[in-house]
$ cat work.tsv   # TSV, C-alpha atoms
chain	number	residue	atom	x	y	z
A	20	MET	CA	-57.53	13.46	84.31
A	21	THR	CA	-58.39	11.38	81.30
A	22	THR	CA	-60.19	11.76	78.02
A	23	ASP	CA	-60.23	8.11	76.96
A	24	THR	CA	-62.23	7.34	73.89
A	25	LEU	CA	-65.39	5.30	73.91
A	26	LEU	CA	-65.20	1.73	72.74
A	27	ALA	CA	-68.16	-0.08	71.17
A	28	ALA	CA	-69.64	-3.02	73.04
A	29	PRO	CA	-72.32	-5.49	71.98
A	30	ARG	CA	-75.67	-4.55	73.45
A	31	ARG	CA	-76.96	-7.12	75.95
A	32	SER	CA	-79.84	-5.53	77.83
A	33	SER	CA	-82.37	-2.74	77.87
A	34	ILE	CA	-80.15	-0.72	80.20
A	35	ALA	CA	-78.34	0.55	77.09
A	36	ALA	CA	-81.42	2.58	76.18
A	37	ARG	CA	-81.20	4.50	79.48
A	38	CYS	CA	-77.42	4.44	79.97
A	39	PRO	CA	-75.37	4.25	76.78
A	40	VAL	CA	-71.96	4.11	78.51
A	41	SER	CA	-70.31	1.88	81.12
A	42	VAL	CA	-67.14	2.99	82.86
A	43	ILE	CA	-64.83	0.29	84.23
A	44	ILE	CA	-62.59	1.12	87.19
A	45	PRO	CA	-60.17	-1.63	88.26
A	46	THR	CA	-58.76	-1.07	91.77
A	47	LEU	CA	-56.80	-2.76	94.53
A	48	ALA	CA	-59.35	-1.29	96.97
A	49	SER	CA	-56.50	-0.59	99.36
A	50	ALA	CA	-56.73	1.94	102.16
A	51	GLU	CA	-53.99	4.00	100.49
A	52	ARG	CA	-56.05	4.34	97.30
A	53	ALA	CA	-59.51	4.73	98.89
A	54	ASP	CA	-59.61	8.54	98.53
A	55	LEU	CA	-58.38	8.36	94.93
A	56	LEU	CA	-60.97	5.70	94.11
A	57	ASP	CA	-63.72	7.80	95.69
A	58	ARG	CA	-62.71	10.79	93.56
A	59	ALA	CA	-62.64	8.64	90.42
A	60	MET	CA	-66.12	7.24	91.14
A	61	LYS	CA	-67.53	10.71	91.89
A	62	SER	CA	-66.14	12.01	88.61
A	63	VAL	CA	-68.10	9.31	86.80
A	64	LEU	CA	-71.35	9.54	88.76
A	65	THR	CA	-71.63	13.34	88.91
A	66	GLY	CA	-71.32	15.97	86.24
A	67	GLN	CA	-72.02	13.66	83.33
A	68	ASP	CA	-74.38	14.48	80.52
A	69	HIS	CA	-75.53	10.89	79.93
A	70	GLY	CA	-76.54	7.99	82.12
A	71	ILE	CA	-73.50	6.01	83.18
A	72	VAL	CA	-73.15	2.47	84.49
A	73	LEU	CA	-70.15	2.36	86.81
A	74	ILE	CA	-68.41	-1.01	87.14
A	75	VAL	CA	-65.78	-1.24	89.89
A	76	VAL	CA	-63.55	-4.32	89.94
A	77	ALA	CA	-61.63	-4.97	93.17
A	78	ASN	CA	-58.55	-6.84	92.11
A	79	GLY	CA	-56.45	-9.09	94.34
A	80	ASN	CA	-56.24	-9.89	98.01
A	81	ARG	CA	-54.37	-6.77	99.20
A	82	TYR	CA	-57.67	-4.91	99.74
A	83	ASP	CA	-58.70	-2.91	102.78
A	84	ALA	CA	-61.67	-4.67	104.44
A	85	GLU	CA	-63.50	-1.39	105.13
A	86	THR	CA	-63.06	-0.15	101.56
A	87	LEU	CA	-64.20	-3.49	100.16
A	88	ALA	CA	-67.27	-3.57	102.42
A	89	SER	CA	-68.14	-0.01	101.40
A	90	LEU	CA	-67.95	-0.92	97.71
A	91	LYS	CA	-70.08	-4.04	98.22
A	92	ALA	CA	-72.76	-1.99	99.99
A	93	ARG	CA	-73.12	0.66	97.29
A	94	ARG	CA	-76.24	0.49	95.14
A	95	ASP	CA	-75.08	3.02	92.54
A	96	ILE	CA	-72.28	0.84	91.15
A	97	ARG	CA	-71.79	-2.69	89.87
A	98	PHE	CA	-69.18	-4.31	92.06
A	99	ILE	CA	-67.00	-7.28	91.09
A	100	TYR	CA	-64.37	-8.90	93.31
A	101	ARG	CA	-61.50	-10.92	91.83
A	102	GLU	CA	-59.21	-12.76	94.23
A	103	GLU	CA	-56.46	-13.07	91.65
A	104	GLY	CA	-54.48	-9.85	91.37
A	105	SER	CA	-54.11	-9.14	87.67
A	106	PRO	CA	-54.70	-5.70	86.14
A	107	ALA	CA	-55.52	-7.26	82.76
A	108	GLY	CA	-57.85	-9.77	84.43
A	109	ALA	CA	-59.64	-6.97	86.29
A	110	ARG	CA	-60.18	-5.02	83.07
A	111	LEU	CA	-61.45	-8.16	81.35
A	112	ALA	CA	-63.85	-8.94	84.23
A	113	GLY	CA	-65.21	-5.41	83.98
A	114	ARG	CA	-65.48	-5.67	80.21
A	115	GLU	CA	-67.45	-8.91	80.51
A	116	ALA	CA	-69.95	-7.13	82.80
A	117	VAL	CA	-70.64	-4.37	80.25
A	118	ASP	CA	-74.19	-4.43	78.85
A	119	THR	CA	-74.31	-0.93	77.43
A	120	GLU	CA	-73.66	0.28	73.91
A	121	PHE	CA	-70.23	1.72	74.75
A	122	PHE	CA	-67.66	1.50	77.52
A	123	ALA	CA	-64.64	3.44	78.72
A	124	PRO	CA	-61.84	2.46	81.08
A	125	LEU	CA	-60.75	4.67	83.99
A	126	ASP	CA	-57.88	4.05	86.39
A	127	ASP	CA	-58.71	4.41	90.07
A	128	ASP	CA	-56.36	7.39	90.39
A	129	ASP	CA	-57.80	9.28	87.41
A	130	GLU	CA	-60.91	11.41	86.98
A	131	PHE	CA	-63.22	12.28	84.11
A	132	LEU	CA	-63.80	15.93	83.48
A	133	PRO	CA	-67.51	16.86	83.50
A	134	GLY	CA	-69.45	15.84	80.41
A	135	PRO	CA	-66.90	13.87	78.38
A	136	PHE	CA	-69.32	11.62	76.56
A	137	ALA	CA	-71.77	13.92	74.75
A	138	ARG	CA	-69.42	14.86	71.91
A	139	GLN	CA	-67.98	11.35	71.58
A	140	LEU	CA	-71.45	9.79	71.44
A	141	ARG	CA	-72.64	12.35	68.89
A	142	TYR	CA	-69.65	11.72	66.58
A	143	THR	CA	-69.75	7.95	67.01
A	144	ARG	CA	-73.46	7.72	66.25
A	145	ALA	CA	-73.20	10.09	63.30
A	146	ASP	CA	-70.37	8.09	61.70
A	147	PRO	CA	-70.23	4.57	63.18
A	148	ALA	CA	-67.53	3.45	60.72

$ encode --input "work.tsv" --output "structure tokens"
Amino acid sequence: MTTDTLLAAPRRSSIAARCPVSVIIPTLASAERADLLDRAMKSVLTGQDHGIVLIVVANGNRYDAETLASLKARRDIRFIYREEGSPAGARLAGREAVDTEFFAPLDDDDEFLPGPFARQLRYTRADPA
């Protein structure tokens, strides 16, 4: 479980008005990690108190074809595929796709507890310094 802090991002689109936070999950999209990834995504998409944009970055060529196809077909996430396997590159690719006010990283084997962003958003907006 994680309680990562929110990081500010430059606003790029009107989606930030509806969804103030993006969550970036880099993953190998391997068969061995598919259940962990599913749990991580569910923890982001359910039980949250604010709209969330979920960005999943499949990283490298060791992916499971079925897992990759499933990610590509989902309409509730933004999916990015990177052929080069680099954890830092995957995080950067996800970061470049952020168009919300804030973002938070999440490993594919971690989960957010329900409602982690309300307090962080309230404090950040009250004292942006």

$ closest_residue --input "work.tsv" --among "A:Arg81, A:His69, A:Arg93, A:Arg110" --to "Gly134 (chain A)" --atoms "all atoms listed in the file"
A:His69

$ closest_residue --input "work.tsv" --among "A:Pro39, A:Thr65, A:Ala50, A:Met60" --to "Thr143 (chain A)" --atoms "only C-alpha atoms"
A:Pro39

$ closest_residue --input "work.tsv" --among "A:Asn80, A:Thr46, A:Ser62, A:Ser41" --to "Glu130 (chain A)" --atoms "all atoms listed in the file"
A:Ser62

$ residues_around --input "work.tsv" --residues "Leu87 (chain A)" --least-positions-apart "6" --cutoff "9 Å" --atoms "all atoms listed in the file" --output "list of chain:residue names"
A:Ala48, A:Ser49, A:Ala77, A:Tyr100

$ residues_around --input "work.tsv" --residues "Ser105 (chain A)" --least-positions-apart "4" --cutoff "9 Å" --atoms "all atoms listed in the file" --output "list of chain:residue names"
A:Asn78, A:Gly79, A:Arg101, A:Ala109, A:Arg110

$ residues_around --input "work.tsv" --residues "Ala59 (chain A)" --least-positions-apart "4" --cutoff "9 Å" --atoms "only C-alpha atoms" --output "MDAnalysis selection string"
chainID A and resid 44 54:55 63:64 125:131

$ residues_around --input "work.tsv" --residues "region 111-115 of chain A" --least-positions-apart "3" --cutoff "12 Å" --atoms "only C-alpha atoms" --output "tab-separated table (two decimals) with C-alpha atoms, in the coordinates of the input"
chain	number	residue	atom	x	y	z
A	26	LEU	CA	-65.20	1.73	72.74
A	27	ALA	CA	-68.16	-0.08	71.17
A	28	ALA	CA	-69.64	-3.02	73.04
A	29	PRO	CA	-72.32	-5.49	71.98
A	30	ARG	CA	-75.67	-4.55	73.45
A	31	ARG	CA	-76.96	-7.12	75.95
A	40	VAL	CA	-71.96	4.11	78.51
A	41	SER	CA	-70.31	1.88	81.12
A	42	VAL	CA	-67.14	2.99	82.86
A	43	ILE	CA	-64.83	0.29	84.23
A	44	ILE	CA	-62.59	1.12	87.19
A	45	PRO	CA	-60.17	-1.63	88.26
A	46	THR	CA	-58.76	-1.07	91.77
A	72	VAL	CA	-73.15	2.47	84.49
A	73	LEU	CA	-70.15	2.36	86.81
A	74	ILE	CA	-68.41	-1.01	87.14
A	75	VAL	CA	-65.78	-1.24	89.89
A	76	VAL	CA	-63.55	-4.32	89.94
A	77	ALA	CA	-61.63	-4.97	93.17
A	78	ASN	CA	-58.55	-6.84	92.11
A	96	ILE	CA	-72.28	0.84	91.15
A	97	ARG	CA	-71.79	-2.69	89.87
A	98	PHE	CA	-69.18	-4.31	92.06
A	99	ILE	CA	-67.00	-7.28	91.09
A	100	TYR	CA	-64.37	-8.90	93.31
A	101	ARG	CA	-61.50	-10.92	91.83
A	102	GLU	CA	-59.21	-12.76	94.23
A	103	GLU	CA	-56.46	-13.07	91.65
A	104	GLY	CA	-54.48	-9.85	91.37
A	105	SER	CA	-54.11	-9.14	87.67
A	106	PRO	CA	-54.70	-5.70	86.14
A	107	ALA	CA	-55.52	-7.26	82.76
A	108	GLY	CA	-57.85	-9.77	84.43
A	118	ASP	CA	-74.19	-4.43	78.85
A	119	THR	CA	-74.31	-0.93	77.43
A	120	GLU	CA	-73.66	0.28	73.91
A	121	PHE	CA	-70.23	1.72	74.75
A	122	PHE	CA	-67.66	1.50	77.52
A	123	ALA	CA	-64.64	3.44	78.72
A	124	PRO	CA	-61.84	2.46	81.08
A	125	LEU	CA	-60.75	4.67	83.99

$ atom_distance --input "work.tsv" --atom1 "CA of Pro147 (chain A)" --atom2 "CA of Val117 (chain A)"
19.3 Å

$ closest_residue --input "work.tsv" --among "A:Gly70, A:Thr86, A:Pro133, A:Ala92" --to "Cys38 (chain A)" --atoms "only C-alpha atoms"
A:Gly70

$ atom_distance --input "work.tsv" --atom1 "CA of Ser89 (chain A)" --atom2 "CA of Leu132 (chain A)"
24.4 Å

$ atom_distance --input "work.tsv" --atom1 "CA of Lys61 (chain A)" --atom2 "CA of Glu85 (chain A)"
18.4 Å

$ build_atoms --input "work.tsv" --residues "region 61-97 of chain A" --atoms "N, CA and C atoms" --output "PDB file, in the frame of the given file"
ATOM      1  N   LYS A  61     -66.731   9.472  91.908  1.00  0.00           N
ATOM      2  CA  LYS A  61     -67.530  10.710  91.890  1.00  0.00           C
ATOM      3  C   LYS A  61     -67.444  11.398  90.537  1.00  0.00           C
ATOM      4  N   SER A  62     -66.280  11.348  89.912  1.00  0.00           N
ATOM      5  CA  SER A  62     -66.140  12.010  88.610  1.00  0.00           C
ATOM      6  C   SER A  62     -66.989  11.318  87.554  1.00  0.00           C
ATOM      7  N   VAL A  63     -67.258  10.044  87.739  1.00  0.00           N
ATOM      8  CA  VAL A  63     -68.100   9.310  86.800  1.00  0.00           C
ATOM      9  C   VAL A  63     -69.580   9.533  87.101  1.00  0.00           C
ATOM     10  N   LEU A  64     -69.934   9.511  88.369  1.00  0.00           N
ATOM     11  CA  LEU A  64     -71.350   9.540  88.760  1.00  0.00           C
ATOM     12  C   LEU A  64     -71.946  10.935  88.827  1.00  0.00           C
ATOM     13  N   THR A  65     -71.117  11.965  88.864  1.00  0.00           N
ATOM     14  CA  THR A  65     -71.630  13.340  88.910  1.00  0.00           C
ATOM     15  C   THR A  65     -71.068  14.127  87.738  1.00  0.00           C
ATOM     16  N   GLY A  66     -71.800  15.080  87.289  1.00  0.00           N
ATOM     17  CA  GLY A  66     -71.320  15.970  86.240  1.00  0.00           C
ATOM     18  C   GLY A  66     -71.293  15.357  84.857  1.00  0.00           C
ATOM     19  N   GLN A  67     -71.993  14.270  84.655  1.00  0.00           N
ATOM     20  CA  GLN A  67     -72.020  13.660  83.330  1.00  0.00           C
ATOM     21  C   GLN A  67     -73.317  14.030  82.625  1.00  0.00           C
ATOM     22  N   ASP A  68     -73.244  14.058  81.324  1.00  0.00           N
ATOM     23  CA  ASP A  68     -74.380  14.480  80.520  1.00  0.00           C
ATOM     24  C   ASP A  68     -75.201  13.303  80.006  1.00  0.00           C
ATOM     25  N   HIS A  69     -74.808  12.091  80.326  1.00  0.00           N
ATOM     26  CA  HIS A  69     -75.530  10.890  79.930  1.00  0.00           C
ATOM     27  C   HIS A  69     -75.562   9.924  81.115  1.00  0.00           C
ATOM     28  N   GLY A  70     -76.523   9.021  81.102  1.00  0.00           N
ATOM     29  CA  GLY A  70     -76.540   7.990  82.120  1.00  0.00           C
ATOM     30  C   GLY A  70     -75.299   7.119  82.002  1.00  0.00           C
ATOM     31  N   ILE A  71     -74.736   6.777  83.136  1.00  0.00           N
ATOM     32  CA  ILE A  71     -73.500   6.010  83.180  1.00  0.00           C
ATOM     33  C   ILE A  71     -73.715   4.797  84.080  1.00  0.00           C
ATOM     34  N   VAL A  72     -73.222   3.654  83.646  1.00  0.00           N
ATOM     35  CA  VAL A  72     -73.150   2.470  84.490  1.00  0.00           C
ATOM     36  C   VAL A  72     -71.704   2.373  84.953  1.00  0.00           C
ATOM     37  N   LEU A  73     -71.493   2.434  86.254  1.00  0.00           N
ATOM     38  CA  LEU A  73     -70.150   2.360  86.810  1.00  0.00           C
ATOM     39  C   LEU A  73     -69.877   0.946  87.291  1.00  0.00           C
ATOM     40  N   ILE A  74     -68.822   0.340  86.761  1.00  0.00           N
ATOM     41  CA  ILE A  74     -68.410  -1.010  87.140  1.00  0.00           C
ATOM     42  C   ILE A  74     -67.060  -0.900  87.839  1.00  0.00           C
ATOM     43  N   VAL A  75     -67.012  -1.291  89.114  1.00  0.00           N
ATOM     44  CA  VAL A  75     -65.780  -1.240  89.890  1.00  0.00           C
ATOM     45  C   VAL A  75     -65.332  -2.679  90.149  1.00  0.00           C
ATOM     46  N   VAL A  76     -64.094  -2.974  89.778  1.00  0.00           N
ATOM     47  CA  VAL A  76     -63.550  -4.320  89.940  1.00  0.00           C
ATOM     48  C   VAL A  76     -62.420  -4.268  90.966  1.00  0.00           C
ATOM     49  N   ALA A  77     -62.674  -4.849  92.157  1.00  0.00           N
ATOM     50  CA  ALA A  77     -61.630  -4.970  93.170  1.00  0.00           C
ATOM     51  C   ALA A  77     -60.765  -6.162  92.797  1.00  0.00           C
ATOM     52  N   ASN A  78     -59.477  -5.933  92.754  1.00  0.00           N
ATOM     53  CA  ASN A  78     -58.550  -6.840  92.110  1.00  0.00           C
ATOM     54  C   ASN A  78     -57.469  -7.288  93.079  1.00  0.00           C
ATOM     55  N   GLY A  79     -57.501  -8.544  93.499  1.00  0.00           N
ATOM     56  CA  GLY A  79     -56.450  -9.090  94.340  1.00  0.00           C
ATOM     57  C   GLY A  79     -56.824  -9.120  95.802  1.00  0.00           C
ATOM     58  N   ASN A  80     -55.935  -9.688  96.598  1.00  0.00           N
ATOM     59  CA  ASN A  80     -56.240  -9.890  98.010  1.00  0.00           C
ATOM     60  C   ASN A  80     -55.524  -8.900  98.927  1.00  0.00           C
ATOM     61  N   ARG A  81     -55.013  -7.813  98.379  1.00  0.00           N
ATOM     62  CA  ARG A  81     -54.370  -6.770  99.200  1.00  0.00           C
ATOM     63  C   ARG A  81     -55.352  -5.663  99.565  1.00  0.00           C
ATOM     64  N   TYR A  82     -56.644  -5.931  99.508  1.00  0.00           N
ATOM     65  CA  TYR A  82     -57.670  -4.910  99.740  1.00  0.00           C
ATOM     66  C   TYR A  82     -57.768  -4.534 101.218  1.00  0.00           C
ATOM     67  N   ASP A  83     -58.344  -3.372 101.444  1.00  0.00           N
ATOM     68  CA  ASP A  83     -58.700  -2.910 102.780  1.00  0.00           C
ATOM     69  C   ASP A  83     -60.134  -3.378 103.047  1.00  0.00           C
ATOM     70  N   ALA A  84     -60.349  -4.082 104.151  1.00  0.00           N
ATOM     71  CA  ALA A  84     -61.670  -4.670 104.440  1.00  0.00           C
ATOM     72  C   ALA A  84     -62.766  -3.608 104.480  1.00  0.00           C
ATOM     73  N   GLU A  85     -62.483  -2.459 105.042  1.00  0.00           N
ATOM     74  CA  GLU A  85     -63.500  -1.390 105.130  1.00  0.00           C
ATOM     75  C   GLU A  85     -63.839  -0.842 103.740  1.00  0.00           C
ATOM     76  N   THR A  86     -62.825  -0.640 102.926  1.00  0.00           N
ATOM     77  CA  THR A  86     -63.060  -0.150 101.560  1.00  0.00           C
ATOM     78  C   THR A  86     -63.852  -1.166 100.761  1.00  0.00           C
ATOM     79  N   LEU A  87     -63.490  -2.436 100.878  1.00  0.00           N
ATOM     80  CA  LEU A  87     -64.200  -3.490 100.160  1.00  0.00           C
ATOM     81  C   LEU A  87     -65.658  -3.566 100.604  1.00  0.00           C
ATOM     82  N   ALA A  88     -65.900  -3.513 101.910  1.00  0.00           N
ATOM     83  CA  ALA A  88     -67.270  -3.570 102.420  1.00  0.00           C
ATOM     84  C   ALA A  88     -68.085  -2.372 101.930  1.00  0.00           C
ATOM     85  N   SER A  89     -67.453  -1.205 101.882  1.00  0.00           N
ATOM     86  CA  SER A  89     -68.140  -0.010 101.400  1.00  0.00           C
ATOM     87  C   SER A  89     -68.535  -0.163  99.932  1.00  0.00           C
ATOM     88  N   LEU A  90     -67.642  -0.708  99.121  1.00  0.00           N
ATOM     89  CA  LEU A  90     -67.950  -0.920  97.710  1.00  0.00           C
ATOM     90  C   LEU A  90     -69.081  -1.931  97.537  1.00  0.00           C
ATOM     91  N   LYS A  91     -69.043  -3.004  98.300  1.00  0.00           N
ATOM     92  CA  LYS A  91     -70.080  -4.040  98.220  1.00  0.00           C
ATOM     93  C   LYS A  91     -71.457  -3.473  98.579  1.00  0.00           C
ATOM     94  N   ALA A  92     -71.490  -2.531  99.503  1.00  0.00           N
ATOM     95  CA  ALA A  92     -72.760  -1.990  99.990  1.00  0.00           C
ATOM     96  C   ALA A  92     -73.378  -0.939  99.069  1.00  0.00           C
ATOM     97  N   ARG A  93     -72.609  -0.404  98.165  1.00  0.00           N
ATOM     98  CA  ARG A  93     -73.120   0.660  97.290  1.00  0.00           C
ATOM     99  C   ARG A  93     -74.138   0.113  96.307  1.00  0.00           C
ATOM    100  N   ARG A  94     -75.199   0.875  96.097  1.00  0.00           N
ATOM    101  CA  ARG A  94     -76.240   0.490  95.140  1.00  0.00           C
ATOM    102  C   ARG A  94     -76.129   1.236  93.817  1.00  0.00           C
ATOM    103  N   ASP A  95     -75.218   2.210  93.753  1.00  0.00           N
ATOM    104  CA  ASP A  95     -75.080   3.020  92.540  1.00  0.00           C
ATOM    105  C   ASP A  95     -73.944   2.543  91.643  1.00  0.00           C
ATOM    106  N   ILE A  96     -73.333   1.402  91.979  1.00  0.00           N
ATOM    107  CA  ILE A  96     -72.280   0.840  91.150  1.00  0.00           C
ATOM    108  C   ILE A  96     -72.514  -0.663  90.997  1.00  0.00           C
ATOM    109  N   ARG A  97     -71.889  -1.227  89.973  1.00  0.00           N
ATOM    110  CA  ARG A  97     -71.790  -2.690  89.870  1.00  0.00           C
ATOM    111  C   ARG A  97     -70.432  -3.048  90.436  1.00  0.00           C
TER     112      ARG A  97
END
